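Since the structure comes first, as structure tokens, the remarks are kept for the end.
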Amino acid sequence: MNPKKERRWINAVLPFLIPVLVLILWQIASMGGGPKAALTPSPFKVLQTFLKMVESGELLRHTLISTNRAVSGFLVGGAIGLILGLVNGLWSLAERLTDSSVQMVRNIPHLALIPLILIWFGIGEESKLVMVSLGVFFPIYLNTFHGIRSIDPGLIEMGRVYGLKGFALYRNVLFPGALASILVGVRYSLGIMWLTLIVAETVSAKSGIGYMSMNAREYMQMEVIILSILIYALLGKLSDSLAKLAERQFLKWHPNYRKSAAKGDGRLVKKSYPAANSTAS
Amino acid sequence: MSKKAIRLQIQQLRKHFDETKVLTDVNLTIEPGEFVAIIGRSGCGKSTLLRLVAGLDQPSHGSIVLDHEPVTGIHQDTRVLFQEARLLPWKKVADNVRIGTQHNDRESALVALEQVGLANRADEYPGILSGGQKQRVSLARALAGHPRLLLLDEPLGALDALTRIEMQQLIEQLWREQQFTAILVTHDVSEAVALADRVILLEEGVVAMDTRIALARPRERDNGFAYYEKTILDRLLEPKERGTIHPDHHSASAFAI
């Protein structure tokens with residue numbers, strides 16, 4: 001094997017090293033027996049439960065319900081964040097009117113609103129939709145706003161000289177100019193989306209993975225609890241990969257993203273967009 | 001082509017930003033198809049004048065008339081070549097040039113790219129082009145819509161000496177072919193003498209000198225060229241002396257030989 005191929009092979013294996021190591025240690029720890037053994041099911045037992053629940057269709061049903069809640073909340077909150085970010089980025093009057101209120105609400109941890117939202121919206125679908133939308137809204141709003149504001153004014157002026165205005169200016173200059181920043185917001189908000197949903201489903205739900213996990217606690221089904229945690233981890237990773245894919249697709253022109261695509265990590269992305277970190281609410 | 005170059009008339013033009021007076025009283029007439037260079041020390045208001053002509057800013061007083069139409073805003077027959085290329089990095093080269101075409105068509109964009117010698121880079125992103133190439137794409141974009149007035153705001157300032165001379169030749173060649181009126185703002189006297197029919201010196205907000213360059217094109221950097229260069233540079237370096245220089249053309253050509 002030539003050194004270049006070898007390095008590629010190592011790069012492909014490297015991300016899985018720690019998860020595999022954890023699995024091995026976990027298996028060893030669970031083999032000890034004794035009274036604690038029932039509280040730490042082995043990876044093998046979790047796998048068995050997984051197969052059983054896949055077969056019964058129960059797992060798929062709960063996963064679909066959770067995904068459906070996550071996606072609809074993301075779409076509603078994301079759309080509102082995007083529109084408000086655009087409006088406030090373009091019209092300083094709108095910014096003056098709404099931005100300070102948004103910043104005030106942003107500093108309330110949205111999970112602290114759960115009791116209130118449960119009372120207002122009940123334990124049905126609405127409360128989950130509201131919670132997820134609220135969580136997703138802020139990163140998208142902030143990054144859209146930041147993205148619009150950081151467009152080179154020279155490009156906007158160029159657009160004016162060439163007669164671009166209204167929607168044409170938005171389509172050719174403003175939106176693509178803000179897109180890198182918007183996608184950082186999307187990626188960040190996907191994390192918040194799952195986080196919020198997990199909490200909401202764990203606190204009160206009649207279906208979904210969070211419910212599956214809480215229900216299993218009643219019967220001390222440790223393997224189901226661990227399984228739901230693993231499912232969340234997988235869903236989170238999946239949505240992050242999708243966001244990364246979108247970045248690569250839409251930001252082909254961007255030298256930083258070309259580099260990061262080749263290297264396969266997001267390091268450069270964060271470096272060139274410090275706003276990504278400051279959006280943490 | 002039915003379209004003719006624009007005639008430009010500037011009268012009693014004044015522009016101040018808050019307390020700072022940038023232009024106090026500019027009067028200038030530019031004939032159709034003329035190539036005029038505006039020079040001056042930095043901060044003399046030459047870029048401001050160009051922005052006013054482009055309709056990007058509004059004058060505080062006075063008027064700018066294109067043919068018979070006063071400038072009130074951005075005019076579709078006017079194109080600007082900025083100091084930076086200002087290409088949209090998310091659009092491929094050809095799509096950037098398409099913005100400048102009249103009907104957003106790829107065909108005329110490719111024709112314009114051909115004219116600046118970059119047709120083979122049409123499907124690349126601007127990010128990988130050199131500074132000179134970017135500025136050439138920008139020139140193609142400006143010319144793709146067949147403007148009647150081209151404004152150049154120190155577009156070659158950031159380029160290296162060799163690329164600069166190539167660009168000057170390209171601009172001159174396209175100007176001769178397409179016969180638009182051109183106004184070039186520059187701080188480089190040699191560039192002004194190389195390209196312009198007339199060199200105008202802006203000083204303390206007024207036209208302090210208006211010199212016709214009577215050299216045949218394409219211009220060689222010979223004695224006649226050096227004569228104009230020196231005369232203008234000397235005038236530029238002693239700001240107290242006022243008045244217009246009318247160089248004796250005979251002595252200039254005598255120098256040339």
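Residue numbers start at 1 in each chain; chains themselves are named A, B, ... in the order of the structure tokens; ligands are numbered from 1 in the order shown.
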>> Give me, as a PyMOL selection string, the residues of chain B touching chain A, with the criterion being at most 10 Å (counting only C-alpha atoms).
In response: chain B and resi 54-56+73-82+84-92+96+99-102+124-128+141-142+145
> What are the DSSP alpha helix (DSSP H) residues of region 20-78 of chain B, as a PyMOL selection string?
Replying inline: chain B and resi 46-54
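Minimum atom-to-atom distances from A:Phe74, A:Arg217, A:Tyr141, A:Ile123 to Thr98 (chain A) were compared using only C-alpha atoms, and the lowest value belongs to A:Tyr141.
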>> as a PyMOL selection string, please: the residues near Ile200 (chain B) (cut-off 8 Å, only C-alpha atoms, same-chain neighbours under 2 positions excluded).
In response: chain B and resi 36-39+198+202+207-211
> Counting only C-alpha atoms, what is within 12 Å of region 16-18 of chain B, bar same-chain residues fewer than 5 positions away, as a ChimeraX atom specification?
Replying inline: /B:23-25,45,48-49,52,57-61,205
Could you build a table of the residues in region 31-115 of chain A lying no more than 12 Å from region 199-209 of chain A, giving for each the nearest pair of atoms and their separation in Å rounded to one decimal place, using only C-alpha atoms, ordered by chain and ascending residue number, as JSON lines?
```
{"residue": "A:Glu58", "atom": "CA", "partner": "A:Gly208", "partner_atom": "CA", "distance": 9.9}
{"residue": "A:Leu59", "atom": "CA", "partner": "A:Ile209", "partner_atom": "CA", "distance": 8.0}
{"residue": "A:Leu60", "atom": "CA", "partner": "A:Gly208", "partner_atom": "CA", "distance": 9.7}
{"residue": "A:Arg61", "atom": "CA", "partner": "A:Gly208", "partner_atom": "CA", "distance": 7.7}
{"residue": "A:His62", "atom": "CA", "partner": "A:Gly208", "partner_atom": "CA", "distance": 4.2}
{"residue": "A:Thr63", "atom": "CA", "partner": "A:Ile209", "partner_atom": "CA", "distance": 6.1}
{"residue": "A:Leu64", "atom": "CA", "partner": "A:Gly208", "partner_atom": "CA", "distance": 7.7}
{"residue": "A:Ile65", "atom": "CA", "partner": "A:Gly208", "partner_atom": "CA", "distance": 5.4}
{"residue": "A:Ser66", "atom": "CA", "partner": "A:Gly208", "partner_atom": "CA", "distance": 4.9}
{"residue": "A:Thr67", "atom": "CA", "partner": "A:Gly208", "partner_atom": "CA", "distance": 8.5}
{"residue": "A:Asn68", "atom": "CA", "partner": "A:Gly208", "partner_atom": "CA", "distance": 9.6}
{"residue": "A:Arg69", "atom": "CA", "partner": "A:Gly208", "partner_atom": "CA", "distance": 8.9}
{"residue": "A:Ala70", "atom": "CA", "partner": "A:Gly208", "partner_atom": "CA", "distance": 10.6}
{"residue": "A:His110", "atom": "CA", "partner": "A:Ala200", "partner_atom": "CA", "distance": 11.0}
{"residue": "A:Leu111", "atom": "CA", "partner": "A:Val199", "partner_atom": "CA", "distance": 7.8}
{"residue": "A:Ala112", "atom": "CA", "partner": "A:Val199", "partner_atom": "CA", "distance": 10.8}
{"residue": "A:Leu113", "atom": "CA", "partner": "A:Ala200", "partner_atom": "CA", "distance": 10.5}
{"residue": "A:Ile114", "atom": "CA", "partner": "A:Ala200", "partner_atom": "CA", "distance": 7.4}
{"residue": "A:Pro115", "atom": "CA", "partner": "A:Val203", "partner_atom": "CA", "distance": 9.6}
```
> If we count only C-alpha atoms, what is near Ser47 (chain B) at a cut-off of 9 Å, once residues fewer than 2 positions away on the same chain are taken out, given as an NGL selection string?
Replying inline: :B and (43-45 or 49-52 or 153-154 or 185-186)
Enumerate, as a PDB file with N, CA and C atoms, in the first residue's frame, the complete set of residues in region 147-209 of chain B that a backbone-based DSSP assignment places in strand (DSSP E or B).
```pdb
ATOM      1  N   LEU B 149     -21.461  55.089 -21.737  1.00  0.00           N
ATOM      2  CA  LEU B 149     -20.531  55.820 -20.875  1.00  0.00           C
ATOM      3  C   LEU B 149     -19.914  54.820 -19.901  1.00  0.00           C
ATOM      4  N   LEU B 150     -18.597  54.743 -19.922  1.00  0.00           N
ATOM      5  CA  LEU B 150     -17.915  53.829 -18.997  1.00  0.00           C
ATOM      6  C   LEU B 150     -17.109  54.648 -17.997  1.00  0.00           C
ATOM      7  N   LEU B 151     -17.350  54.402 -16.723  1.00  0.00           N
ATOM      8  CA  LEU B 151     -16.639  55.111 -15.671  1.00  0.00           C
ATOM      9  C   LEU B 151     -15.658  54.154 -15.022  1.00  0.00           C
ATOM     10  N   LEU B 152     -14.404  54.559 -14.947  1.00  0.00           N
ATOM     11  CA  LEU B 152     -13.387  53.677 -14.380  1.00  0.00           C
ATOM     12  C   LEU B 152     -12.801  54.317 -13.130  1.00  0.00           C
ATOM     13  N   ASP B 153     -13.047  53.712 -11.992  1.00  0.00           N
ATOM     14  CA  ASP B 153     -12.602  54.278 -10.718  1.00  0.00           C
ATOM     15  C   ASP B 153     -11.333  53.559 -10.251  1.00  0.00           C
ATOM     16  N   THR B 181     -18.031  56.767 -24.448  1.00  0.00           N
ATOM     17  CA  THR B 181     -17.334  57.826 -23.729  1.00  0.00           C
ATOM     18  C   THR B 181     -16.735  57.201 -22.468  1.00  0.00           C
ATOM     19  N   ALA B 182     -15.503  57.579 -22.144  1.00  0.00           N
ATOM     20  CA  ALA B 182     -14.874  56.961 -20.972  1.00  0.00           C
ATOM     21  C   ALA B 182     -14.299  58.021 -20.047  1.00  0.00           C
ATOM     22  N   ILE B 183     -14.508  57.821 -18.747  1.00  0.00           N
ATOM     23  CA  ILE B 183     -13.887  58.694 -17.750  1.00  0.00           C
ATOM     24  C   ILE B 183     -13.090  57.812 -16.802  1.00  0.00           C
ATOM     25  N   LEU B 184     -11.804  58.086 -16.715  1.00  0.00           N
ATOM     26  CA  LEU B 184     -10.931  57.280 -15.875  1.00  0.00           C
ATOM     27  C   LEU B 184     -10.423  58.121 -14.715  1.00  0.00           C
ATOM     28  N   VAL B 185     -10.666  57.657 -13.509  1.00  0.00           N
ATOM     29  CA  VAL B 185     -10.093  58.308 -12.341  1.00  0.00           C
ATOM     30  C   VAL B 185      -8.837  57.545 -11.966  1.00  0.00           C
ATOM     31  N   ARG B 198      -7.845  63.687 -22.952  1.00  0.00           N
ATOM     32  CA  ARG B 198      -7.711  64.883 -22.114  1.00  0.00           C
ATOM     33  C   ARG B 198      -7.427  64.445 -20.691  1.00  0.00           C
ATOM     34  N   VAL B 199      -6.520  65.173 -20.057  1.00  0.00           N
ATOM     35  CA  VAL B 199      -6.254  64.898 -18.650  1.00  0.00           C
ATOM     36  C   VAL B 199      -6.734  66.096 -17.839  1.00  0.00           C
ATOM     37  N   ILE B 200      -7.542  65.821 -16.839  1.00  0.00           N
ATOM     38  CA  ILE B 200      -8.096  66.893 -16.020  1.00  0.00           C
ATOM     39  C   ILE B 200      -7.574  66.760 -14.606  1.00  0.00           C
ATOM     40  N   LEU B 201      -7.063  67.863 -14.088  1.00  0.00           N
ATOM     41  CA  LEU B 201      -6.551  67.841 -12.718  1.00  0.00           C
ATOM     42  C   LEU B 201      -7.588  68.467 -11.794  1.00  0.00           C
ATOM     43  N   LEU B 202      -7.954  67.746 -10.787  1.00  0.00           N
ATOM     44  CA  LEU B 202      -8.916  68.237  -9.809  1.00  0.00           C
ATOM     45  C   LEU B 202      -8.150  68.652  -8.559  1.00  0.00           C
ATOM     46  N   GLU B 203      -8.386  69.896  -8.143  1.00  0.00           N
ATOM     47  CA  GLU B 203      -7.648  70.387  -6.990  1.00  0.00           C
ATOM     48  C   GLU B 203      -8.563  71.297  -6.182  1.00  0.00           C
ATOM     49  N   VAL B 206     -12.078  72.022  -7.536  1.00  0.00           N
ATOM     50  CA  VAL B 206     -12.353  72.599  -8.855  1.00  0.00           C
ATOM     51  C   VAL B 206     -11.417  71.987  -9.898  1.00  0.00           C
ATOM     52  N   VAL B 207     -11.765  72.206 -11.181  1.00  0.00           N
ATOM     53  CA  VAL B 207     -10.883  71.755 -12.261  1.00  0.00           C
ATOM     54  C   VAL B 207      -9.716  72.728 -12.343  1.00  0.00           C
ATOM     55  N   ALA B 208      -8.525  72.263 -12.002  1.00  0.00           N
ATOM     56  CA  ALA B 208      -7.377  73.165 -11.935  1.00  0.00           C
ATOM     57  C   ALA B 208      -6.566  73.131 -13.212  1.00  0.00           C
ATOM     58  N   MET B 209      -6.753  72.114 -14.022  1.00  0.00           N
ATOM     59  CA  MET B 209      -5.977  72.010 -15.250  1.00  0.00           C
ATOM     60  C   MET B 209      -6.728  71.106 -16.213  1.00  0.00           C
TER      61      MET B 209
END
```
